[in-house]
Structure formats: C-alpha cells, structure tokens
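Engineer: Just one file: data29.cif, with mmCIF, C-alpha atoms.
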```cif
data_entry
#
loop_
_atom_site.group_PDB
_atom_site.id
_atom_site.type_symbol
_atom_site.label_atom_id
_atom_site.label_comp_id
_atom_site.auth_asym_id
_atom_site.auth_seq_id
_atom_site.Cartn_x
_atom_site.Cartn_y
_atom_site.Cartn_z
ATOM 1 C CA ALA A 547 193.523 131.941 16.526
ATOM 2 C CA GLN A 548 191.641 135.173 17.007
ATOM 3 C CA LYS A 549 193.885 137.938 18.220
ATOM 4 C CA ILE A 550 190.990 140.127 19.375
ATOM 5 C CA THR A 551 187.770 138.649 20.695
ATOM 6 C CA GLN A 552 184.619 140.612 21.368
ATOM 7 C CA THR A 553 182.076 138.156 22.723
ATOM 8 C CA GLN A 554 179.031 140.431 22.759
ATOM 9 C CA PRO A 555 177.543 140.837 19.272
ATOM 10 C CA GLY A 556 174.869 143.159 20.677
ATOM 11 C CA MET A 557 174.175 145.056 23.876
ATOM 12 C CA PHE A 558 171.022 146.905 24.935
ATOM 13 C CA VAL A 559 171.267 149.455 27.736
ATOM 14 C CA GLN A 560 168.958 152.043 29.256
ATOM 15 C CA GLU A 561 169.969 155.655 28.863
ATOM 16 C CA LYS A 562 172.107 156.996 31.739
ATOM 17 C CA GLU A 563 173.234 153.544 32.792
ATOM 18 C CA ALA A 564 176.892 152.496 32.623
ATOM 19 C CA VAL A 565 177.867 149.821 30.118
ATOM 20 C CA THR A 566 180.896 147.553 29.793
ATOM 21 C CA LEU A 567 181.972 146.219 26.413
ATOM 22 C CA ASP A 568 184.244 143.202 26.595
ATOM 23 C CA CYS A 569 187.505 142.694 24.734
ATOM 24 C CA THR A 570 190.098 139.980 25.178
ATOM 25 C CA TYR A 571 193.301 139.751 23.206
ATOM 26 C CA ASP A 572 196.031 137.301 22.415
ATOM 27 C CA THR A 573 199.658 138.239 21.900
ATOM 28 C CA SER A 574 203.099 137.050 22.911
ATOM 29 C CA ASP A 575 204.657 140.449 22.260
ATOM 30 C CA PRO A 576 205.331 142.316 25.532
ATOM 31 C CA SER A 577 204.885 145.648 23.737
ATOM 32 C CA TYR A 578 201.427 146.315 22.411
ATOM 33 C CA GLY A 579 198.688 148.880 22.401
ATOM 34 C CA LEU A 580 194.938 148.537 22.621
ATOM 35 C CA PHE A 581 192.517 150.933 20.965
ATOM 36 C CA TRP A 582 188.771 151.349 21.000
ATOM 37 C CA TYR A 583 186.900 152.866 18.076
ATOM 38 C CA LYS A 584 183.251 153.839 17.672
ATOM 39 C CA GLN A 585 181.506 153.424 14.321
ATOM 40 C CA PRO A 586 178.086 155.111 14.094
ATOM 41 C CA SER A 587 175.624 154.123 11.404
ATOM 42 C CA SER A 588 177.133 156.816 9.192
ATOM 43 C CA GLY A 589 180.248 154.632 8.935
ATOM 44 C CA GLU A 590 183.120 156.777 10.127
ATOM 45 C CA MET A 591 185.603 155.296 12.602
ATOM 46 C CA ILE A 592 186.034 157.490 15.665
ATOM 47 C CA PHE A 593 188.990 156.918 17.988
ATOM 48 C CA LEU A 594 187.903 156.767 21.635
ATOM 49 C CA ILE A 595 190.695 155.615 23.931
ATOM 50 C CA TYR A 596 194.101 153.957 24.045
ATOM 51 C CA GLN A 597 195.884 151.705 26.559
ATOM 52 C CA GLY A 598 199.544 150.740 26.288
ATOM 53 C CA SER A 599 200.877 147.471 27.626
ATOM 54 C CA TYR A 600 203.317 149.273 29.903
ATOM 55 C CA ASP A 601 200.812 151.779 31.256
ATOM 56 C CA GLN A 602 200.441 151.423 35.001
ATOM 57 C CA GLN A 603 197.050 153.046 35.207
ATOM 58 C CA ASN A 604 193.804 152.434 33.374
ATOM 59 C CA ALA A 605 193.188 154.939 30.602
ATOM 60 C CA THR A 606 190.341 157.410 30.932
ATOM 61 C CA GLU A 607 188.913 159.868 28.433
ATOM 62 C CA GLY A 608 185.816 161.750 29.537
ATOM 63 C CA ARG A 609 182.976 159.226 29.915
ATOM 64 C CA TYR A 610 185.169 156.431 28.541
ATOM 65 C CA SER A 611 187.507 154.344 30.642
ATOM 66 C CA LEU A 612 189.383 151.158 30.042
ATOM 67 C CA ASN A 613 189.362 148.294 32.529
ATOM 68 C CA PHE A 614 192.774 146.862 31.676
ATOM 69 C CA GLN A 615 193.577 143.493 33.235
ATOM 70 C CA LYS A 616 196.917 142.527 31.762
ATOM 71 C CA ALA A 617 197.219 139.091 33.351
ATOM 72 C CA ARG A 618 193.796 138.153 31.978
ATOM 73 C CA LYS A 619 194.531 139.821 28.643
ATOM 74 C CA SER A 620 191.376 141.843 28.751
ATOM 75 C CA ALA A 621 190.745 145.498 27.938
ATOM 76 C CA ASN A 622 187.083 146.221 28.514
ATOM 77 C CA LEU A 623 185.607 149.595 27.586
ATOM 78 C CA VAL A 624 183.398 151.234 30.191
ATOM 79 C CA ILE A 625 181.014 153.990 29.152
ATOM 80 C CA SER A 626 179.529 155.879 32.087
ATOM 81 C CA ALA A 627 176.165 157.642 31.998
ATOM 82 C CA SER A 628 175.265 156.362 28.533
ATOM 83 C CA GLN A 629 173.564 158.673 26.056
ATOM 84 C CA LEU A 630 171.372 158.004 23.019
ATOM 85 C CA GLY A 631 174.249 159.160 20.823
ATOM 86 C CA ASP A 632 176.380 156.302 22.119
ATOM 87 C CA SER A 633 174.364 153.880 19.979
ATOM 88 C CA ALA A 634 176.918 152.515 17.483
ATOM 89 C CA MET A 635 179.278 149.650 16.700
ATOM 90 C CA TYR A 636 182.306 149.520 18.966
ATOM 91 C CA PHE A 637 185.549 147.902 17.890
ATOM 92 C CA CYS A 638 188.496 146.845 19.987
ATOM 93 C CA ALA A 639 191.823 146.768 18.149
ATOM 94 C CA MET A 640 195.420 145.889 18.953
ATOM 95 C CA ARG A 641 198.775 146.820 17.524
ATOM 96 C CA GLU A 642 201.843 144.778 18.348
ATOM 97 C CA GLY A 643 205.395 146.030 18.608
ATOM 98 C CA LEU A 644 206.974 149.405 19.100
ATOM 99 C CA GLY A 645 207.751 150.141 15.467
ATOM 100 C CA GLY A 646 206.775 153.457 13.992
ATOM 101 C CA ALA A 647 203.841 152.093 12.059
ATOM 102 C CA GLN A 648 201.987 148.932 12.830
ATOM 103 C CA LYS A 649 198.731 147.552 11.526
ATOM 104 C CA LEU A 650 195.719 147.279 13.762
ATOM 105 C CA VAL A 651 193.998 143.942 14.267
ATOM 106 C CA PHE A 652 190.298 144.435 14.924
ATOM 107 C CA GLY A 653 187.677 142.406 16.706
ATOM 108 C CA GLN A 654 184.275 141.701 15.176
ATOM 109 C CA GLY A 655 182.657 144.511 17.117
ATOM 110 C CA THR A 656 179.771 144.969 19.521
ATOM 111 C CA ARG A 657 176.604 146.772 18.475
ATOM 112 C CA LEU A 658 175.477 148.956 21.361
ATOM 113 C CA THR A 659 171.923 150.244 21.473
ATOM 114 C CA ILE A 660 170.918 152.819 24.067
ATOM 115 C CA ASN A 661 167.207 152.814 24.857
ATOM 116 C CA PRO A 662 165.457 155.992 26.067
ATOM 117 C CA GLY B 457 189.522 169.816 5.688
ATOM 118 C CA ALA B 458 192.103 168.429 8.073
ATOM 119 C CA GLY B 459 190.939 164.810 8.056
ATOM 120 C CA VAL B 460 191.661 161.807 5.879
ATOM 121 C CA SER B 461 189.902 162.191 2.545
ATOM 122 C CA GLN B 462 188.799 159.278 0.387
ATOM 123 C CA SER B 463 187.294 159.214 -3.076
ATOM 124 C CA PRO B 464 184.994 158.183 -4.497
ATOM 125 C CA SER B 465 182.607 157.738 -1.594
ATOM 126 C CA ASN B 466 180.662 155.149 -3.561
ATOM 127 C CA LYS B 467 181.622 153.026 -6.548
ATOM 128 C CA VAL B 468 179.423 150.595 -8.428
ATOM 129 C CA THR B 469 181.045 148.554 -11.164
ATOM 130 C CA GLU B 470 180.609 145.381 -13.119
ATOM 131 C CA LYS B 471 182.434 142.189 -12.327
ATOM 132 C CA GLY B 472 185.716 141.989 -14.174
ATOM 133 C CA LYS B 473 186.351 145.733 -14.315
ATOM 134 C CA ASP B 474 189.316 147.422 -12.643
ATOM 135 C CA VAL B 475 188.750 150.030 -9.918
ATOM 136 C CA GLU B 476 190.988 152.615 -8.357
ATOM 137 C CA LEU B 477 190.375 154.067 -4.909
ATOM 138 C CA ARG B 478 192.097 157.170 -3.629
ATOM 139 C CA CYS B 479 193.202 158.280 -0.179
ATOM 140 C CA ASP B 480 194.578 161.656 0.854
ATOM 141 C CA PRO B 481 196.051 161.404 4.387
ATOM 142 C CA ILE B 482 196.283 164.025 7.074
ATOM 143 C CA SER B 483 199.119 166.406 6.265
ATOM 144 C CA GLY B 484 202.308 165.399 8.052
ATOM 145 C CA HIS B 485 201.246 161.827 8.737
ATOM 146 C CA THR B 486 203.958 159.499 7.557
ATOM 147 C CA ALA B 487 202.012 156.255 7.950
ATOM 148 C CA LEU B 488 199.080 155.312 5.728
ATOM 149 C CA TYR B 489 196.953 152.178 6.002
ATOM 150 C CA TRP B 490 194.269 150.471 3.939
ATOM 151 C CA TYR B 491 191.606 148.248 5.497
ATOM 152 C CA ARG B 492 188.583 146.421 4.156
ATOM 153 C CA GLN B 493 185.298 146.075 6.013
ATOM 154 C CA ARG B 494 182.741 143.594 4.770
ATOM 155 C CA LEU B 495 179.127 144.084 5.788
ATOM 156 C CA GLY B 496 178.652 143.487 9.510
ATOM 157 C CA GLN B 497 182.297 142.596 10.042
ATOM 158 C CA GLY B 498 185.371 144.088 11.631
ATOM 159 C CA LEU B 499 188.163 145.693 9.654
ATOM 160 C CA GLU B 500 190.709 143.572 7.797
ATOM 161 C CA PHE B 501 194.177 144.985 7.270
ATOM 162 C CA LEU B 502 195.318 145.163 3.655
ATOM 163 C CA ILE B 503 198.535 147.180 3.374
ATOM 164 C CA TYR B 504 200.436 149.997 5.022
ATOM 165 C CA PHE B 505 203.068 152.513 4.000
ATOM 166 C CA GLN B 506 205.553 154.117 6.382
ATOM 167 C CA GLY B 507 207.656 156.924 4.972
ATOM 168 C CA ASN B 508 210.170 155.604 2.440
ATOM 169 C CA SER B 509 210.211 152.067 3.864
ATOM 170 C CA ALA B 510 208.983 149.127 1.817
ATOM 171 C CA PRO B 511 205.227 148.756 2.317
ATOM 172 C CA ASP B 512 203.800 145.899 4.373
ATOM 173 C CA LYS B 513 201.627 144.079 1.847
ATOM 174 C CA SER B 514 200.937 141.080 4.050
ATOM 175 C CA GLY B 515 197.173 141.655 4.155
ATOM 176 C CA LEU B 516 196.490 141.865 0.428
ATOM 177 C CA PRO B 517 194.099 138.978 -0.336
ATOM 178 C CA SER B 518 195.283 138.286 -3.879
ATOM 179 C CA ASP B 519 197.539 139.597 -6.634
ATOM 180 C CA ARG B 520 194.541 141.450 -8.048
ATOM 181 C CA PHE B 521 195.059 143.973 -5.265
ATOM 182 C CA SER B 522 197.846 146.536 -5.359
ATOM 183 C CA ALA B 523 198.528 149.931 -3.834
ATOM 184 C CA GLU B 524 200.907 152.782 -4.369
ATOM 185 C CA ARG B 525 201.881 155.856 -2.439
ATOM 186 C CA THR B 526 203.988 158.731 -3.638
ATOM 187 C CA GLY B 527 206.168 160.055 -0.832
ATOM 188 C CA GLU B 528 204.011 161.011 2.137
ATOM 189 C CA SER B 529 201.008 162.026 0.113
ATOM 190 C CA VAL B 530 198.177 160.417 -1.777
ATOM 191 C CA SER B 531 197.753 156.671 -2.033
ATOM 192 C CA THR B 532 195.757 154.647 -4.540
ATOM 193 C CA LEU B 533 194.413 151.142 -4.034
ATOM 194 C CA THR B 534 193.769 149.281 -7.276
ATOM 195 C CA ILE B 535 191.657 146.171 -7.648
ATOM 196 C CA GLN B 536 191.943 144.443 -10.988
ATOM 197 C CA ARG B 537 189.347 142.116 -12.525
ATOM 198 C CA THR B 538 186.924 142.755 -9.669
ATOM 199 C CA GLN B 539 184.918 139.889 -8.209
ATOM 200 C CA GLN B 540 181.676 140.013 -6.252
ATOM 201 C CA GLU B 541 183.500 139.103 -3.059
ATOM 202 C CA ASP B 542 185.420 142.369 -3.385
ATOM 203 C CA SER B 543 182.229 144.236 -2.437
ATOM 204 C CA ALA B 544 183.001 146.019 0.831
ATOM 205 C CA VAL B 545 183.851 149.376 2.349
ATOM 206 C CA TYR B 546 187.504 150.229 1.857
ATOM 207 C CA LEU B 547 188.849 152.416 4.636
ATOM 208 C CA CYS B 548 192.038 154.415 4.634
ATOM 209 C CA ALA B 549 193.761 155.656 7.778
ATOM 210 C CA SER B 550 196.828 157.694 8.563
ATOM 211 C CA SER B 551 198.901 158.238 11.668
ATOM 212 C CA SER B 552 201.835 160.195 12.953
ATOM 213 C CA ASP B 553 205.072 158.376 13.714
ATOM 214 C CA ARG B 554 205.732 160.517 16.776
ATOM 215 C CA GLY B 555 204.837 157.742 19.157
ATOM 216 C CA TRP B 556 203.552 154.243 18.924
ATOM 217 C CA TYR B 557 200.526 155.237 20.978
ATOM 218 C CA GLN B 558 199.332 157.525 18.208
ATOM 219 C CA PRO B 559 195.887 156.462 16.978
ATOM 220 C CA GLN B 560 195.068 155.881 13.361
ATOM 221 C CA HIS B 561 192.651 158.427 11.943
ATOM 222 C CA PHE B 562 190.210 157.063 9.403
ATOM 223 C CA GLY B 563 188.544 158.469 6.334
ATOM 224 C CA ASP B 564 184.875 157.916 5.606
ATOM 225 C CA GLY B 565 185.642 155.033 3.269
ATOM 226 C CA THR B 566 184.734 154.027 -0.254
ATOM 227 C CA ARG B 567 181.737 151.743 -0.534
ATOM 228 C CA LEU B 568 182.477 149.374 -3.436
ATOM 229 C CA SER B 569 179.699 147.338 -4.985
ATOM 230 C CA ILE B 570 180.447 144.741 -7.653
ATOM 231 C CA LEU B 571 177.474 143.765 -9.792
#
```
Please render this file's structure as structure tokens.
Structural biologist:
Amino acid sequence: AQKITQTQPGMFVQEKEAVTLDCTYDTSDPSYGLFWYKQPSSGEMIFLIYQGSYDQQNATEGRYSLNFQKARKSANLVISASQLGDSAMYFCAMREGLGGAQKLVFGQGTRLTINP
Amino acid sequence: GAGVSQSPSNKVTEKGKDVELRCDPISGHTALYWYRQRLGQGLEFLIYFQGNSAPDKSGLPSDRFSAERTGESVSTLTIQRTQQEDSAVYLCASSSDRGWYQPQHFGDGTRLSIL
C-alpha cells in the first residue's frame, strides 16, 4: 500500500492565485512528521514546511501553509499568491517514529505550473 | 559551502562497470541518507547512517549496492556491475539529530547514466 499519495500529477494555476496541493498518508504509528519539498527543474530538493503529528496548529511558513486534517490523514500544501517561480515539482514526504534518524517516504509528486 | 556536496554531478558509464558516488554532508549533521530518483518519479530510500549505529540498509535494491560512511563525515555509495535500470539521480541528504522535526537537507545529486 502507498504510504504517501499525491493524486494530482499536474496542476496549472494563474499567477497570484492560491493553490492547494493534495497529500494523503497512511501510517499506524502515532508519532510521525510530514514534510513538503519543492524540486525546480534544476533538480535540487528544497525544504518548504513541516507538520508534526502532535502539533495542535497548522504549520505556516511565509506563503506556505499546511492544511493538516489528522482524522482524514491528509496534509495538503497551500501556496498563497502564487508566483512564476513557484513552478516546480512538489513532493510530500513522511517520516515515522521519534527516533533520531528516520527515512523519508515520498509521494510521486505534483508538477505545478504557474501561468502569467 | 555549507550545504550537502555530491560528486560527481554527472556520471556516464558502460553496463557492467562499477561506480562510486560521493557525499559530503553538512558539518555537524550526524544522520546521512541516500535516495534514488528515477526519471519523473518520487524519491526511493536506499540507506541511512546515524552516528555510530548500524546503518539501515533496508532500501538497497540488490547486493550490487553498498555504502560506507566514516564517522560523521563523507559517505560513498558503490554500485557494482551496473545495469541499465540503475540509471537515475542519486541524492544524498543529511540532518541534525537535535529533534525529530529536523528536515533533511539534500545535495544536488549525481545523475548516473548506464549505456
């Protein structure tokens, strides 16, 4: 079974509009963390935002926010006021457990294209 | 620089040859991870090292793949008798162990092409 599911292979949005990228996850571990990364065409992986399973509030980081619905096991990324530079692949990832180092399990990604 | 450094950035080799990929983590990061990204796909976990603990090798796809790390410094990923399906970008990441919320910081990857 897929641990991380991103159902939108591609998204097209007009500049300055808000966009929501979907991510659902599957785990039986009560302790987990959810991460979003951006991968531009140049290939580097850029960390955007983190949400912990015990966090009471949705994470926010500048124009990025996470719509965390724990009961539904979803952690959607919201980008407000999109910019042309937001065009990239976006990956949702999860780590399970509280150990010092844990692997990340990634979704297949969503390719976001911002149109001028 | 202060980021994760990987070399070479590109490697083209013939099927059957051995290749060695190098990763230099961020100074002070005790955890180091290797991932593989095939074209148009997400990242697949390969192996991680955490301090002096035994590495988690659960993601290595076959015994042709191995990795080493000396202390908390450089790591090398070795692929023996390369096959065409090994063609991918190999990404290294490192993280601090100061909290389980710490993100992994990635290098720019090595693009491996097997002819």
Engineer: So for segment 533-537 of chain B, what box centre and size do we get, axis-aligned, 4 Å extra on each of the six sides, every listed atom, Å to one decimal, as AutoDock Vina command-line options?
Structural biologist:
```
--center_x 191.9 --center_y 146.6 --center_z -8.3 --size_x 13.1 --size_y 17.0 --size_z 16.5
```
Engineer: I need the chain A residues near chain B as a PyMOL selection string; criterion: at most 12 Å, counting only C-alpha atoms.
Structural biologist: chain A and resi 550-552+555-556+577-601+635-657
Engineer: Go ahead and save the residues from that selection, with C-alpha atoms, as a PDB file, keeping the file's coordinate frame.
Structural biologist:
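selection14.pdb, freshly written:
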```pdb
ATOM      1  CA  ILE A 550     190.990 140.127  19.375  1.00  0.00           C
ATOM      2  CA  THR A 551     187.770 138.649  20.695  1.00  0.00           C
ATOM      3  CA  GLN A 552     184.619 140.612  21.368  1.00  0.00           C
ATOM      4  CA  PRO A 555     177.543 140.837  19.272  1.00  0.00           C
ATOM      5  CA  GLY A 556     174.869 143.159  20.677  1.00  0.00           C
ATOM      6  CA  SER A 577     204.885 145.648  23.737  1.00  0.00           C
ATOM      7  CA  TYR A 578     201.427 146.315  22.411  1.00  0.00           C
ATOM      8  CA  GLY A 579     198.688 148.880  22.401  1.00  0.00           C
ATOM      9  CA  LEU A 580     194.938 148.537  22.621  1.00  0.00           C
ATOM     10  CA  PHE A 581     192.517 150.933  20.965  1.00  0.00           C
ATOM     11  CA  TRP A 582     188.771 151.349  21.000  1.00  0.00           C
ATOM     12  CA  TYR A 583     186.900 152.866  18.076  1.00  0.00           C
ATOM     13  CA  LYS A 584     183.251 153.839  17.672  1.00  0.00           C
ATOM     14  CA  GLN A 585     181.506 153.424  14.321  1.00  0.00           C
ATOM     15  CA  PRO A 586     178.086 155.111  14.094  1.00  0.00           C
ATOM     16  CA  SER A 587     175.624 154.123  11.404  1.00  0.00           C
ATOM     17  CA  SER A 588     177.133 156.816   9.192  1.00  0.00           C
ATOM     18  CA  GLY A 589     180.248 154.632   8.935  1.00  0.00           C
ATOM     19  CA  GLU A 590     183.120 156.777  10.127  1.00  0.00           C
ATOM     20  CA  MET A 591     185.603 155.296  12.602  1.00  0.00           C
ATOM     21  CA  ILE A 592     186.034 157.490  15.665  1.00  0.00           C
ATOM     22  CA  PHE A 593     188.990 156.918  17.988  1.00  0.00           C
ATOM     23  CA  LEU A 594     187.903 156.767  21.635  1.00  0.00           C
ATOM     24  CA  ILE A 595     190.695 155.615  23.931  1.00  0.00           C
ATOM     25  CA  TYR A 596     194.101 153.957  24.045  1.00  0.00           C
ATOM     26  CA  GLN A 597     195.884 151.705  26.559  1.00  0.00           C
ATOM     27  CA  GLY A 598     199.544 150.740  26.288  1.00  0.00           C
ATOM     28  CA  SER A 599     200.877 147.471  27.626  1.00  0.00           C
ATOM     29  CA  TYR A 600     203.317 149.273  29.903  1.00  0.00           C
ATOM     30  CA  ASP A 601     200.812 151.779  31.256  1.00  0.00           C
ATOM     31  CA  MET A 635     179.278 149.650  16.700  1.00  0.00           C
ATOM     32  CA  TYR A 636     182.306 149.520  18.966  1.00  0.00           C
ATOM     33  CA  PHE A 637     185.549 147.902  17.890  1.00  0.00           C
ATOM     34  CA  CYS A 638     188.496 146.845  19.987  1.00  0.00           C
ATOM     35  CA  ALA A 639     191.823 146.768  18.149  1.00  0.00           C
ATOM     36  CA  MET A 640     195.420 145.889  18.953  1.00  0.00           C
ATOM     37  CA  ARG A 641     198.775 146.820  17.524  1.00  0.00           C
ATOM     38  CA  GLU A 642     201.843 144.778  18.348  1.00  0.00           C
ATOM     39  CA  GLY A 643     205.395 146.030  18.608  1.00  0.00           C
ATOM     40  CA  LEU A 644     206.974 149.405  19.100  1.00  0.00           C
ATOM     41  CA  GLY A 645     207.751 150.141  15.467  1.00  0.00           C
ATOM     42  CA  GLY A 646     206.775 153.457  13.992  1.00  0.00           C
ATOM     43  CA  ALA A 647     203.841 152.093  12.059  1.00  0.00           C
ATOM     44  CA  GLN A 648     201.987 148.932  12.830  1.00  0.00           C
ATOM     45  CA  LYS A 649     198.731 147.552  11.526  1.00  0.00           C
ATOM     46  CA  LEU A 650     195.719 147.279  13.762  1.00  0.00           C
ATOM     47  CA  VAL A 651     193.998 143.942  14.267  1.00  0.00           C
ATOM     48  CA  PHE A 652     190.298 144.435  14.924  1.00  0.00           C
ATOM     49  CA  GLY A 653     187.677 142.406  16.706  1.00  0.00           C
ATOM     50  CA  GLN A 654     184.275 141.701  15.176  1.00  0.00           C
ATOM     51  CA  GLY A 655     182.657 144.511  17.117  1.00  0.00           C
ATOM     52  CA  THR A 656     179.771 144.969  19.521  1.00  0.00           C
ATOM     53  CA  ARG A 657     176.604 146.772  18.475  1.00  0.00           C
TER      54      ARG A 657
END
```
Engineer: Do a neighbour search on Gln540 of chain B at 7 Å with only C-alpha atoms, toss out local chain neighbours closer than 4 positions, and write the hits as number ranges by chain.
Structural biologist: B: 471, 570-571
Engineer: Restricting it to C-alpha atoms, dump the selection as a short mmCIF file (atom, residue, chain, number, x, y, z; two decimals), keeping the file's coordinate frame.
Structural biologist:
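Output saved as result.cif:
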```cif
data_model
loop_
_atom_site.label_atom_id
_atom_site.label_comp_id
_atom_site.auth_asym_id
_atom_site.auth_seq_id
_atom_site.Cartn_x
_atom_site.Cartn_y
_atom_site.Cartn_z
CA LYS B 471 182.43 142.19 -12.33
CA ILE B 570 180.45 144.74 -7.65
CA LEU B 571 177.47 143.76 -9.79
#
```
Engineer: Could you tell me how far atom CA of Val559 of chain A sits from atom CA of Thr659 of chain A, in Å to one decimal place?
Structural biologist: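 Interatomic distance, atom CA of Thr659 of chain A to atom CA of Val559 of chain A: 6.3 Å.
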Engineer: Exactly which residues make up the result of the PyMOL selection byres ((chain B and resi 525) around 10) on this file, given as a list of chain:residue names?
Structural biologist: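 Matching residues under the PyMOL selection byres ((chain B and resi 525) around 10) are B:Arg478, B:Cys479, B:Asp480, B:Leu488, B:Tyr504, B:Phe505, B:Gln506, B:Gly507, B:Asn508, B:Pro511, B:Ala523, B:Glu524, B:Thr526, B:Gly527, B:Glu528, B:Ser529, B:Val530, B:Ser531, B:Thr532, B:Leu533.
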